[in-house]
>>> print(open('protein_24.csv').read())   # CSV, C-alpha atoms
chain,number,residue,atom,x,y,z
A,1,MET,CA,26.3,1.0,0.8
A,2,ARG,CA,28.7,0.2,3.8
A,3,ARG,CA,31.9,-1.6,2.8
A,4,LEU,CA,32.6,-5.0,4.3
A,5,GLY,CA,35.6,-7.1,4.7
A,6,SER,CA,36.3,-9.6,1.9
A,7,THR,CA,35.0,-12.7,3.8
A,8,ARG,CA,31.8,-11.0,4.9
A,9,ARG,CA,31.4,-9.5,1.4
A,10,ARG,CA,31.7,-13.0,-0.2
A,11,GLY,CA,29.1,-14.4,2.3
A,12,ARG,CA,26.7,-11.6,1.6
A,13,THR,CA,27.2,-12.0,-2.2
A,14,SER,CA,26.4,-15.7,-1.9
A,15,ARG,CA,23.2,-15.0,0.0
A,16,LEU,CA,22.1,-12.3,-2.5
A,17,VAL,CA,22.8,-14.7,-5.4
A,18,ALA,CA,20.8,-17.4,-3.7
A,19,ALA,CA,18.0,-14.9,-3.0
A,20,GLY,CA,18.1,-13.7,-6.6
A,21,VAL,CA,17.8,-17.2,-7.9
A,22,ALA,CA,14.8,-17.9,-5.7
A,23,CYS,CA,13.1,-14.6,-6.7
A,24,GLY,CA,14.0,-15.3,-10.3
A,25,ALA,CA,12.4,-18.7,-10.1
A,26,ALA,CA,9.2,-17.2,-8.7
A,27,LEU,CA,9.1,-14.6,-11.4
A,28,ALA,CA,9.9,-17.2,-14.1
A,29,ALA,CA,6.9,-19.3,-12.9
A,30,LEU,CA,4.7,-16.2,-13.5
A,31,THR,CA,6.0,-15.6,-17.1
A,32,VAL,CA,5.6,-19.1,-18.7
A,33,PRO,CA,4.2,-18.6,-22.2
A,34,ALA,CA,0.4,-18.6,-22.3
A,35,ALA,CA,0.1,-22.1,-23.7
A,36,GLU,CA,2.0,-23.4,-20.7
A,37,ALA,CA,0.9,-20.8,-18.2
A,38,ARG,CA,1.1,-21.9,-14.5
A,39,PRO,CA,-0.9,-19.5,-12.4
A,40,LEU,CA,0.2,-18.0,-9.1
A,41,ALA,CA,-1.4,-19.5,-6.1
A,42,HIS,CA,-3.8,-17.7,-3.7
A,43,GLY,CA,-1.1,-17.9,-1.0
A,44,THR,CA,-1.0,-16.1,2.3
A,45,ALA,CA,-2.3,-12.8,0.9
A,46,GLY,CA,-5.6,-14.3,-0.2
A,47,ARG,CA,-6.4,-15.4,3.4
A,48,VAL,CA,-6.2,-12.0,5.0
A,49,SER,CA,-9.5,-10.2,5.4
A,50,ALA,CA,-10.0,-7.1,3.4
A,51,GLY,CA,-11.8,-5.5,6.4
A,52,GLN,CA,-14.5,-2.8,6.2
A,53,PRO,CA,-15.1,-1.2,2.8
A,54,VAL,CA,-13.4,2.2,2.3
A,55,PRO,CA,-15.5,4.4,0.0
A,56,ASP,CA,-12.7,5.4,-2.4
A,57,THR,CA,-11.3,2.0,-3.2
A,58,GLN,CA,-13.4,-1.0,-2.3
A,59,ARG,CA,-15.2,-3.1,-4.9
A,60,ALA,CA,-17.4,-6.1,-4.5
A,61,ASN,CA,-16.1,-9.3,-6.1
A,62,ARG,CA,-17.9,-10.3,-9.3
A,63,ALA,CA,-19.2,-13.8,-9.8
A,64,ALA,CA,-17.1,-14.2,-12.9
A,65,GLU,CA,-13.9,-13.3,-11.0
A,66,ASP,CA,-14.7,-15.7,-8.2
A,67,SER,CA,-15.1,-18.7,-10.6
A,68,GLY,CA,-12.1,-17.7,-12.6
A,69,THR,CA,-9.9,-17.4,-9.5
A,70,ALA,CA,-11.1,-20.8,-8.3
A,71,SER,CA,-9.8,-22.4,-11.6
A,72,VAL,CA,-6.6,-20.5,-11.3
A,73,HIS,CA,-5.9,-21.9,-7.8
A,74,GLY,CA,-6.8,-25.4,-8.9
A,75,ALA,CA,-4.4,-25.2,-11.8
A,76,ALA,CA,-1.7,-23.9,-9.5
A,77,ARG,CA,-2.1,-26.8,-7.2
A,78,GLU,CA,-2.0,-29.3,-10.1
A,79,SER,CA,1.1,-27.7,-11.7
A,80,GLY,CA,3.1,-27.6,-8.4
A,81,THR,CA,3.5,-23.9,-8.4
A,82,ALA,CA,1.2,-23.3,-5.4
A,83,SER,CA,4.1,-22.1,-3.3
A,84,VAL,CA,4.6,-19.0,-5.5
A,85,HIS,CA,2.6,-16.3,-3.7
A,86,TRP,CA,2.4,-12.9,-2.2
A,87,ALA,CA,3.9,-13.5,1.3
A,88,VAL,CA,2.4,-11.0,3.7
A,89,LYS,CA,4.9,-9.2,6.0
A,90,ASP,CA,3.7,-8.0,9.4
A,91,SER,CA,4.0,-4.2,9.4
A,92,GLY,CA,2.5,-3.9,12.9
A,93,THR,CA,0.1,-1.2,11.7
A,94,PRO,CA,-3.3,-2.7,11.1
A,95,SER,CA,-5.1,0.7,11.2
A,96,VAL,CA,-3.0,2.2,8.4
A,97,ARG,CA,-3.6,2.0,4.6
A,98,PHE,CA,-0.4,2.1,2.6
A,99,ARG,CA,-0.8,3.6,-0.9
A,100,GLY,CA,2.8,4.8,-1.1
A,101,LEU,CA,5.4,2.1,-1.7
A,102,ALA,CA,9.0,2.4,-2.8
A,103,ALA,CA,11.2,-0.7,-2.9
A,104,VAL,CA,14.9,-0.3,-3.3
A,105,ASP,CA,15.7,-4.0,-3.6
A,106,ARG,CA,14.5,-7.3,-2.1
A,107,ARG,CA,15.6,-6.2,1.4
A,108,THR,CA,14.9,-2.5,1.6
A,109,ALA,CA,11.5,-0.9,1.1
A,110,TRP,CA,9.6,2.2,2.3
A,111,LEU,CA,5.9,2.6,3.0
A,112,ALA,CA,3.8,5.8,3.2
A,113,GLY,CA,0.2,5.8,4.4
A,114,THR,CA,-2.6,7.2,6.5
A,115,GLU,CA,-2.1,8.7,10.0
A,116,GLY,CA,1.1,10.3,8.8
A,117,THR,CA,2.8,6.9,8.8
A,118,VAL,CA,6.1,6.1,7.1
A,119,LEU,CA,7.7,2.7,7.7
A,120,ARG,CA,11.1,1.3,6.5
A,121,THR,CA,12.5,-2.2,6.3
A,122,THR,CA,16.1,-3.3,5.6
A,123,ASP,CA,15.6,-7.0,6.2
A,124,GLY,CA,13.1,-7.9,3.5
A,125,GLY,CA,10.0,-7.1,5.6
A,126,THR,CA,10.9,-9.3,8.6
A,127,SER,CA,10.8,-6.1,10.7
A,128,TRP,CA,9.6,-2.6,10.1
A,129,ARG,CA,10.8,0.6,11.8
A,130,ASN,CA,8.3,3.5,12.2
A,131,VAL,CA,10.2,6.5,10.8
A,132,SER,CA,7.2,8.9,10.5
A,133,PRO,CA,7.9,12.6,10.5
A,134,PRO,CA,7.2,14.2,13.8
A,135,GLY,CA,3.8,16.0,14.1
A,136,ALA,CA,2.5,14.3,10.9
A,137,SER,CA,-0.2,12.1,12.4
A,138,GLY,CA,-3.0,14.2,10.8
A,139,LEU,CA,-1.5,13.9,7.3
A,140,GLN,CA,-2.3,11.4,4.5
A,141,PHE,CA,0.9,10.2,2.9
A,142,ARG,CA,0.1,8.8,-0.5
A,143,ASP,CA,3.5,8.5,-2.3
A,144,VAL,CA,7.1,7.9,-1.5
A,145,THR,CA,10.3,7.8,-3.6
A,146,ALA,CA,13.3,6.1,-2.1
A,147,PHE,CA,16.8,6.5,-3.4
A,148,ASP,CA,18.3,4.0,-1.0
A,149,ALA,CA,18.0,2.9,2.6
A,150,ARG,CA,18.7,6.3,4.0
A,151,ARG,CA,17.3,8.9,1.5
A,152,ALA,CA,13.6,9.2,0.7
A,153,VAL,CA,11.0,11.8,-0.2
A,154,VAL,CA,7.3,11.5,0.8
A,155,LEU,CA,4.2,13.3,-0.3
A,156,ALA,CA,1.2,14.1,1.8
A,157,ILE,CA,-2.1,14.9,-0.1
A,158,GLY,CA,-5.0,17.2,0.6
A,159,GLU,CA,-6.4,20.6,0.0
A,160,GLY,CA,-4.3,23.7,0.9
A,161,GLU,CA,-1.6,23.1,3.5
A,162,ALA,CA,-2.4,19.4,3.8
A,163,SER,CA,-0.3,18.9,0.6
A,164,ARG,CA,3.3,18.7,1.7
A,165,VAL,CA,6.6,17.1,0.8
A,166,TYR,CA,9.2,15.8,3.3
A,167,ARG,CA,12.7,14.5,2.7
A,168,THR,CA,15.1,12.4,4.9
A,169,ASP,CA,18.8,11.7,4.5
A,170,ASP,CA,19.3,9.5,7.5
A,171,GLY,CA,16.8,6.7,7.2
A,172,GLY,CA,13.9,8.7,8.7
A,173,ALA,CA,15.7,9.7,11.9
A,174,THR,CA,15.1,13.3,10.9
A,175,TRP,CA,12.9,14.9,8.3
A,176,THR,CA,12.9,18.3,6.5
A,177,GLU,CA,9.6,19.7,5.3
A,178,SER,CA,10.7,20.9,1.8
A,179,PHE,CA,7.3,22.0,0.5
A,180,ARG,CA,3.9,23.1,1.9
A,181,ASN,CA,1.1,24.1,-0.4
A,182,THR,CA,-0.2,27.6,0.4
A,183,ASP,CA,-2.8,27.7,-2.4
A,184,PRO,CA,-6.2,26.6,-1.1
A,185,ARG,CA,-7.2,25.6,-4.6
A,186,ALA,CA,-4.4,23.2,-5.1
A,187,PHE,CA,-4.4,19.5,-4.2
A,188,TYR,CA,-1.3,17.3,-4.9
A,189,ASP,CA,-1.6,13.6,-5.8
A,190,CYS,CA,1.7,11.9,-6.5
A,191,LEU,CA,5.4,12.4,-7.3
A,192,ALA,CA,8.0,10.8,-9.5
A,193,PHE,CA,11.7,11.2,-10.0
A,194,PHE,CA,13.9,11.0,-13.2
A,195,ASP,CA,17.1,10.5,-11.2
A,196,ARG,CA,18.3,11.4,-7.7
A,197,ARG,CA,18.1,15.1,-8.3
A,198,HIS,CA,15.3,15.8,-10.8
A,199,GLY,CA,11.6,15.1,-10.0
A,200,LEU,CA,8.1,16.3,-10.3
A,201,ALA,CA,4.9,16.4,-8.2
A,202,LEU,CA,1.5,16.4,-9.8
A,203,GLY,CA,-1.4,18.6,-8.6
A,204,ASP,CA,-5.0,18.8,-9.7
A,205,PRO,CA,-6.0,21.6,-12.1
A,206,VAL,CA,-5.8,25.2,-10.9
A,207,ASP,CA,-7.2,27.8,-13.2
A,208,GLY,CA,-8.0,25.1,-15.8
A,209,LYS,CA,-4.6,23.4,-16.0
A,210,PHE,CA,-2.8,20.7,-14.0
A,211,ARG,CA,-0.3,22.1,-11.6
A,212,VAL,CA,3.2,20.6,-11.6
A,213,LEU,CA,6.0,21.1,-9.0
A,214,SER,CA,9.6,20.6,-10.0
A,215,THR,CA,12.8,19.9,-8.0
A,216,ALA,CA,16.4,19.8,-9.2
A,217,ASP,CA,18.0,19.0,-5.9
A,218,GLY,CA,16.5,15.7,-4.9
A,219,GLY,CA,13.4,17.1,-3.3
A,220,ARG,CA,15.1,19.6,-1.0
A,221,SER,CA,13.3,22.5,-2.7
A,222,TRP,CA,10.4,22.8,-5.2
A,223,ARG,CA,9.0,25.4,-7.6
A,224,VAL,CA,5.7,25.5,-9.5
A,225,LEU,CA,6.3,25.1,-13.2
A,226,PRO,CA,4.8,27.5,-15.7
A,227,ALA,CA,1.4,26.4,-17.0
A,228,ASP,CA,2.0,27.7,-20.6
A,229,GLY,CA,2.9,24.3,-21.9
A,230,MET,CA,0.0,22.4,-20.2
A,231,PRO,CA,-3.1,21.7,-22.3
A,232,PRO,CA,-6.4,22.8,-20.7
A,233,ALA,CA,-8.0,20.3,-18.4
A,234,LEU,CA,-11.4,18.8,-19.1
A,235,ASP,CA,-14.4,19.7,-17.0
A,236,GLY,CA,-14.1,17.7,-13.8
A,237,GLU,CA,-10.7,16.2,-14.7
A,238,ALA,CA,-8.2,15.4,-12.0
A,239,GLY,CA,-5.6,12.9,-10.9
A,240,PHE,CA,-6.2,10.0,-8.5
A,241,ALA,CA,-4.0,9.7,-5.4
A,242,ALA,CA,-4.6,6.0,-5.1
A,243,SER,CA,-1.2,4.3,-5.5
A,244,GLY,CA,1.5,6.9,-6.1
A,245,GLN,CA,1.4,5.9,-9.8
A,246,CYS,CA,-0.6,8.7,-11.4
A,247,LEU,CA,2.7,10.3,-12.4
A,248,VAL,CA,5.6,8.1,-13.8
A,249,THR,CA,8.9,8.6,-15.6
A,250,ALA,CA,11.1,6.7,-18.0
A,251,GLY,CA,14.6,7.9,-18.8
A,252,PRO,CA,16.0,11.3,-18.1
A,253,LYS,CA,13.2,13.5,-19.4
A,254,ASP,CA,10.0,11.6,-20.2
A,255,VAL,CA,7.1,11.7,-17.8
A,256,TRP,CA,3.4,10.8,-18.1
A,257,LEU,CA,0.4,11.7,-15.9
A,258,ALA,CA,-2.9,9.9,-15.7
A,259,THR,CA,-6.3,11.5,-15.4
A,260,GLY,CA,-10.0,10.7,-14.7
A,261,GLY,CA,-13.2,12.4,-13.7
A,262,GLY,CA,-13.6,14.1,-17.1
A,263,ALA,CA,-15.4,13.1,-20.3
A,264,HIS,CA,-12.4,11.1,-21.3
A,265,ALA,CA,-9.7,9.3,-19.3
A,266,ARG,CA,-6.5,10.8,-20.6
A,267,VAL,CA,-2.7,10.3,-20.4
A,268,LEU,CA,-0.6,13.5,-20.7
A,269,HIS,CA,3.1,13.2,-21.8
A,270,SER,CA,6.0,15.5,-21.5
A,271,ALA,CA,9.4,14.9,-23.1
A,272,ASP,CA,11.1,17.9,-21.3
A,273,ARG,CA,10.6,17.2,-17.6
A,274,GLY,CA,7.2,18.8,-17.4
A,275,LEU,CA,7.6,22.0,-19.4
A,276,THR,CA,5.4,21.1,-22.3
A,277,TRP,CA,2.7,18.4,-22.5
A,278,THR,CA,0.5,16.6,-25.1
A,279,ALA,CA,-2.7,14.8,-24.2
A,280,ALA,CA,-4.2,11.5,-25.5
A,281,ASP,CA,-7.5,9.9,-24.9
A,282,THR,CA,-7.6,6.3,-23.6
A,283,PRO,CA,-10.3,3.7,-23.8
A,284,VAL,CA,-10.4,3.3,-20.0
A,285,PRO,CA,-13.9,4.2,-18.6
A,286,ALA,CA,-14.5,7.9,-17.9
A,287,GLY,CA,-17.3,10.4,-17.7
A,288,ASP,CA,-17.7,10.2,-13.9
A,289,PRO,CA,-15.7,11.5,-10.9
A,290,ALA,CA,-15.0,7.9,-9.9
A,291,LYS,CA,-13.7,6.7,-13.2
A,292,GLY,CA,-10.5,7.0,-15.1
A,293,VAL,CA,-6.9,5.9,-15.3
A,294,PHE,CA,-5.5,5.4,-11.8
A,295,ALA,CA,-2.0,4.1,-12.5
A,296,LEU,CA,0.6,4.0,-15.3
A,297,ALA,CA,3.7,1.9,-15.8
A,298,PHE,CA,6.3,2.4,-18.6
A,299,ARG,CA,9.1,0.0,-19.1
A,300,ASP,CA,10.9,2.4,-21.5
A,301,ARG,CA,10.1,5.6,-23.4
A,302,THR,CA,7.6,3.9,-25.8
A,303,HIS,CA,5.9,0.9,-24.1
A,304,GLY,CA,3.4,1.5,-21.3
A,305,ILE,CA,0.3,0.2,-19.6
A,306,ALA,CA,-2.6,2.1,-18.0
A,307,VAL,CA,-5.0,0.6,-15.5
A,308,GLY,CA,-8.1,2.0,-13.7
A,309,GLY,CA,-11.8,1.8,-14.0
A,310,ASP,CA,-14.5,2.7,-11.5
A,311,TYR,CA,-13.4,2.5,-7.8
A,312,ARG,CA,-16.9,2.4,-6.3
A,313,PRO,CA,-18.0,-1.0,-4.8
A,314,GLY,CA,-20.4,-3.0,-7.0
A,315,ARG,CA,-19.8,-1.0,-10.2
A,316,PRO,CA,-18.4,-2.8,-13.2
A,317,SER,CA,-15.1,-1.7,-14.8
A,318,PRO,CA,-15.0,-2.8,-18.4
A,319,GLN,CA,-11.9,-1.9,-20.4
A,320,ALA,CA,-10.0,-1.3,-17.1
A,321,ALA,CA,-6.6,-1.5,-18.9
A,322,ALA,CA,-5.0,-0.1,-22.0
A,323,VAL,CA,-1.6,-0.3,-23.7
A,324,THR,CA,0.6,2.0,-25.8
A,325,ALA,CA,3.6,1.2,-28.0
A,326,ASP,CA,4.3,4.8,-29.1
A,327,GLY,CA,5.1,6.6,-25.9
A,328,GLY,CA,1.5,7.4,-25.1
A,329,ARG,CA,0.4,9.1,-28.3
A,330,THR,CA,-2.2,6.4,-28.9
A,331,TRP,CA,-3.8,3.8,-26.6
A,332,ARG,CA,-5.5,0.5,-27.4
A,333,PRO,CA,-7.8,-1.4,-25.0
A,334,ALA,CA,-6.7,-4.7,-23.5
A,335,THR,CA,-8.3,-7.6,-25.3
A,336,THR,CA,-8.8,-9.3,-22.0
A,337,PRO,CA,-8.7,-6.7,-19.3
A,338,PRO,CA,-8.6,-7.2,-15.5
A,339,PRO,CA,-12.1,-8.1,-14.2
A,340,ALA,CA,-12.4,-5.2,-11.9
A,341,TYR,CA,-11.0,-1.8,-11.0
A,342,ARG,CA,-7.2,-1.7,-10.6
A,343,SER,CA,-5.2,1.0,-8.9
A,344,GLY,CA,-1.6,0.0,-9.3
A,345,ALA,CA,0.7,-1.5,-12.0
A,346,ALA,CA,4.4,-2.5,-12.4
A,347,TRP,CA,6.5,-4.3,-15.0
A,348,LEU,CA,8.3,-7.4,-13.8
A,349,PRO,CA,12.0,-6.9,-13.6
A,350,HIS,CA,13.9,-7.2,-16.9
A,351,SER,CA,10.8,-8.3,-18.8
A,352,ARG,CA,9.5,-6.9,-22.1
A,353,THR,CA,6.1,-8.5,-21.8
A,354,ALA,CA,5.1,-9.3,-18.2
A,355,ALA,CA,3.5,-6.9,-15.7
A,356,LEU,CA,1.3,-6.9,-12.6
A,357,ALA,CA,-1.8,-4.9,-11.8
A,358,VAL,CA,-3.3,-4.7,-8.3
A,359,GLY,CA,-6.5,-3.5,-6.7
A,360,PRO,CA,-8.9,-4.1,-3.8
A,361,THR,CA,-10.2,-7.4,-5.4
A,362,GLY,CA,-7.0,-9.0,-6.6
A,363,THR,CA,-3.8,-9.1,-8.6
A,364,ASP,CA,-3.6,-9.7,-12.3
A,365,LEU,CA,-0.8,-10.7,-14.6
A,366,THR,CA,-0.1,-10.0,-18.2
A,367,THR,CA,2.6,-11.9,-20.2
A,368,ASP,CA,1.9,-10.3,-23.5
A,369,GLY,CA,2.7,-6.6,-22.8
A,370,GLY,CA,-0.7,-5.7,-21.4
A,371,ARG,CA,-3.0,-7.1,-24.1
A,372,SER,CA,-4.5,-9.8,-21.9
A,373,TRP,CA,-4.7,-10.3,-18.1
A,374,ARG,CA,-5.5,-13.1,-15.8
A,375,THR,CA,-6.2,-13.0,-12.1
A,376,ILE,CA,-3.5,-14.7,-10.0
A,377,ASP,CA,-4.5,-13.7,-6.4
A,378,THR,CA,-7.5,-12.2,-4.6
A,379,GLY,CA,-5.8,-10.3,-1.8
A,380,SER,CA,-6.4,-6.6,-1.5
A,381,TYR,CA,-3.6,-4.3,-2.6
A,382,ASP,CA,-3.5,-0.7,-3.7
A,383,THR,CA,0.0,-0.4,-5.1
A,384,VAL,CA,2.8,-2.6,-6.5
A,385,THR,CA,6.4,-2.2,-7.5
A,386,CYS,CA,9.3,-4.4,-8.7
A,387,THR,CA,13.1,-3.8,-8.4
A,388,PRO,CA,16.0,-4.7,-10.7
A,389,ASP,CA,17.2,-7.5,-8.3
A,390,LEU,CA,14.1,-9.6,-9.1
A,391,SER,CA,11.8,-8.6,-6.3
A,392,CYS,CA,8.2,-7.4,-6.3
A,393,TRP,CA,6.4,-5.8,-3.5
A,394,ALA,CA,2.7,-4.8,-2.9
A,395,ALA,CA,0.9,-2.8,-0.2
A,396,GLY,CA,-2.5,-1.7,0.8
A,397,GLU,CA,-5.2,-1.5,3.5
A,398,GLN,CA,-5.0,-2.8,7.1
A,399,GLY,CA,-1.2,-2.3,7.1
A,400,ARG,CA,-0.8,-5.0,4.5
A,401,VAL,CA,2.5,-5.3,2.7
A,402,ALA,CA,3.8,-8.4,0.8
A,403,ARG,CA,6.7,-9.6,-1.2
A,404,LEU,CA,6.5,-12.1,-4.0
A,405,GLU,CA,8.1,-15.3,-2.8
A,406,ARG,CA,8.4,-19.0,-3.5
>>> encode(input="protein_24.csv", output="structure tokens")
Amino acid sequence: MRRLGSTRRRGRTSRLVAAGVACGAALAALTVPAAEARPLAHGTAGRVSAGQPVPDTQRANRAAEDSGTASVHGAARESGTASVHWAVKDSGTPSVRFRGLAAVDRRTAWLAGTEGTVLRTTDGGTSWRNVSPPGASGLQFRDVTAFDARRAVVLAIGEGEASRVYRTDDGGATWTESFRNTDPRAFYDCLAFFDRRHGLALGDPVDGKFRVLSTADGGRSWRVLPADGMPPALDGEAGFAASGQCLVTAGPKDVWLATGGGAHARVLHSADRGLTWTAADTPVPAGDPAKGVFALAFRDRTHGIAVGGDYRPGRPSPQAAAVTADGGRTWRPATTPPPAYRSGAAWLPHSRTAALAVGPTGTDLTTDGGRSWRTIDTGSYDTVTCTPDLSCWAAGEQGRVARLER
């Protein structure tokens, strides 16, 4: 962070405090106890068209969801919290779908999407700078990790050489390609970091086991980890590159990966940065290439949520969420799950019980640690994240990116 003179620093501090209070008020309105719950309004996001269906994500709205959402909006208007909403920011890229999202704070965020597109904002989404790597227009970026406003790592997915990793240290002015997959059998889905140096990237099974890349220098170089400690994959099992959240970390060494496509939707856990893994079944729907766990979120080493379902339009997704309180060894179904497929999830800042889940048909909120969910918005988003300074961001199709505001 650039140092400022004392007067400017005090002014900036005052603005940040005021912004934090506003964001905190918005988040507080979301986390009122269930007996006094005041739902989030439909807001700007709900009025943006979802556009043409995309085969791997779109779902038709269900009648039950429509009626439930209507009552949510009515309650919001009556309670006076209708101004709490996803405020859409104009990214200027309506043809791009952003499944990769990394928010540093309420002002700085990075997006990674189709057409080899990487965007960055440092003014809270008021303006976006296209900082895409040169020559990447044919790539599908699906995940991004940002350490600050200047340093970030992005992952492109696909078979063979389409799977690549790039890193920038100057805000996207220049990029270095630090990994290019040369195995035609491999396909990488998402990445996650433990700290600024250590991180992993998840690949679909090769020779019957998930493939994992490791970096110890912030993504400047990568190596394939030995598969000895990885349990065998199920027939048809793979990861979903839907939101950059099929691989997540908590603390210095714990990491979890989400699967689908096999007979069971599983979550695999490693406590040694990916060297050895254990697998656990979840109650999320499975048994089909379109079904499974699409996203994970852990607020610490023991408490996590899993969301997913069936991404195909018109298909029901019962039990689309699950919760764990023992680090992923066992999973219980949500008593009131989201009403449809969800592809992204995030814990609200500094909360032990509140989290958001997003998907093509809406945003859901839990205030009891993932046991029950209610729909709070019907805008289409693929991924969501929250930052320690009380900001939450979401991104998805048609260049859509939004920040929770009041």
>>> atom_distance(input="protein_24.csv", atom1="CA of Asp148 (chain A)", atom2="CA of Leu111 (chain A)")
13.1 Å
>>> residues_around(input="protein_24.csv", residues="region 273-279 of chain A", least_positions_apart="6", cutoff="10 Å", atoms="all atoms listed in the file", output="count of residues only")
32
>>> closest_residue(input="protein_24.csv", among="A:Ala109, A:Ala238, A:Ala354, A:Ile305", to="Pro205 (chain A)", atoms="all atoms listed in the file")
A:Ala238
>>> closest_residue(input="protein_24.csv", among="A:Gln398, A:Thr174, A:Ser163, A:Thr108", to="Ser380 (chain A)", atoms="only C-alpha atoms")
A:Gln398
>>> residues_near_point(input="protein_24.csv", point="(15.3, 7.2, -5.9)", cutoff="9 Å", atoms="all atoms listed in the file", output="compact mmCIF listing (two decimals) with C-alpha atoms, in the coordinates of the input")
# COMPACT_ATOMS: atom_id res chain seq x y z
CA ALA A 102 9.00 2.40 -2.80
CA VAL A 104 14.90 -0.30 -3.30
CA THR A 145 10.30 7.80 -3.60
CA ALA A 146 13.30 6.10 -2.10
CA PHE A 147 16.80 6.50 -3.40
CA ASP A 148 18.30 4.00 -1.00
CA ARG A 151 17.30 8.90 1.50
CA ALA A 152 13.60 9.20 0.70
CA VAL A 153 11.00 11.80 -0.20
CA ALA A 192 8.00 10.80 -9.50
CA PHE A 193 11.70 11.20 -10.00
CA PHE A 194 13.90 11.00 -13.20
CA ASP A 195 17.10 10.50 -11.20
CA ARG A 196 18.30 11.40 -7.70
CA ARG A 197 18.10 15.10 -8.30
CA GLY A 218 16.50 15.70 -4.90
>>> atom_distance(input="protein_24.csv", atom1="CA of Val248 (chain A)", atom2="CA of Val96 (chain A)")
24.5 Å
>>> atom_distance(input="protein_24.csv", atom1="CA of Pro337 (chain A)", atom2="CA of Tyr381 (chain A)")
17.6 Å
>>> residues_around(input="protein_24.csv", residues="Ala345 (chain A)", least_positions_apart="6", cutoff="9 Å", atoms="only C-alpha atoms", output="JSON list (two decimals) with C-alpha atoms, keeping the file's coordinate frame")
[["chain", "number", "residue", "atom", "x", "y", "z"],
["A", 243, "SER", "CA", -1.20, 4.30, -5.50],
["A", 245, "GLN", "CA", 1.40, 5.90, -9.80],
["A", 295, "ALA", "CA", -2.00, 4.10, -12.50],
["A", 296, "LEU", "CA", 0.60, 4.00, -15.30],
["A", 297, "ALA", "CA", 3.70, 1.90, -15.80],
["A", 305, "ILE", "CA", 0.30, 0.20, -19.60],
["A", 306, "ALA", "CA", -2.60, 2.10, -18.00],
["A", 307, "VAL", "CA", -5.00, 0.60, -15.50],
["A", 355, "ALA", "CA", 3.50, -6.90, -15.70],
["A", 356, "LEU", "CA", 1.30, -6.90, -12.60],
["A", 357, "ALA", "CA", -1.80, -4.90, -11.80],
["A", 358, "VAL", "CA", -3.30, -4.70, -8.30],
["A", 383, "THR", "CA", 0.00, -0.40, -5.10],
["A", 384, "VAL", "CA", 2.80, -2.60, -6.50],
["A", 385, "THR", "CA", 6.40, -2.20, -7.50]]
>>> closest_residue(input="protein_24.csv", among="A:Asp368, A:Asp300, A:Asp272, A:Asp105", to="Thr335 (chain A)", atoms="all atoms listed in the file")
A:Asp368
>>> closest_residue(input="protein_24.csv", among="A:Pro184, A:Gly244, A:Gly171, A:Gly239", to="Asp204 (chain A)", atoms="all atoms listed in the file")
A:Gly239
>>> build_atoms(input="protein_24.csv", residues="region 309-319 of chain A", atoms="N, CA and C atoms", output="CSV table (one decimal), in the coordinates of the input")
chain,number,residue,atom,x,y,z
A,309,GLY,N,-10.4,2.2,-14.0
A,309,GLY,CA,-11.8,1.8,-14.0
A,309,GLY,C,-12.7,2.7,-13.1
A,310,ASP,N,-13.6,2.0,-12.4
A,310,ASP,CA,-14.5,2.7,-11.5
A,310,ASP,C,-14.3,2.2,-10.1
A,311,TYR,N,-13.8,3.0,-9.1
A,311,TYR,CA,-13.4,2.5,-7.8
A,311,TYR,C,-14.6,2.2,-6.9
A,312,ARG,N,-15.8,2.6,-7.3
A,312,ARG,CA,-16.9,2.4,-6.3
A,312,ARG,C,-17.3,0.9,-6.2
A,313,PRO,N,-17.6,0.4,-5.0
A,313,PRO,CA,-18.0,-1.0,-4.8
A,313,PRO,C,-19.3,-1.3,-5.7
A,314,GLY,N,-19.2,-2.5,-6.3
A,314,GLY,CA,-20.4,-3.0,-7.0
A,314,GLY,C,-20.6,-2.4,-8.4
A,315,ARG,N,-19.7,-1.5,-8.8
A,315,ARG,CA,-19.8,-1.0,-10.2
A,315,ARG,C,-18.8,-1.7,-11.1
A,316,PRO,N,-19.3,-2.1,-12.3
A,316,PRO,CA,-18.4,-2.8,-13.2
A,316,PRO,C,-17.3,-1.9,-13.8
A,317,SER,N,-16.2,-2.4,-14.2
A,317,SER,CA,-15.1,-1.7,-14.8
A,317,SER,C,-14.7,-2.3,-16.1
A,318,PRO,N,-15.5,-2.3,-17.1
A,318,PRO,CA,-15.0,-2.8,-18.4
A,318,PRO,C,-13.9,-2.0,-19.0
A,319,GLN,N,-13.1,-2.6,-19.7
A,319,GLN,CA,-11.9,-1.9,-20.4
A,319,GLN,C,-11.1,-1.2,-19.3
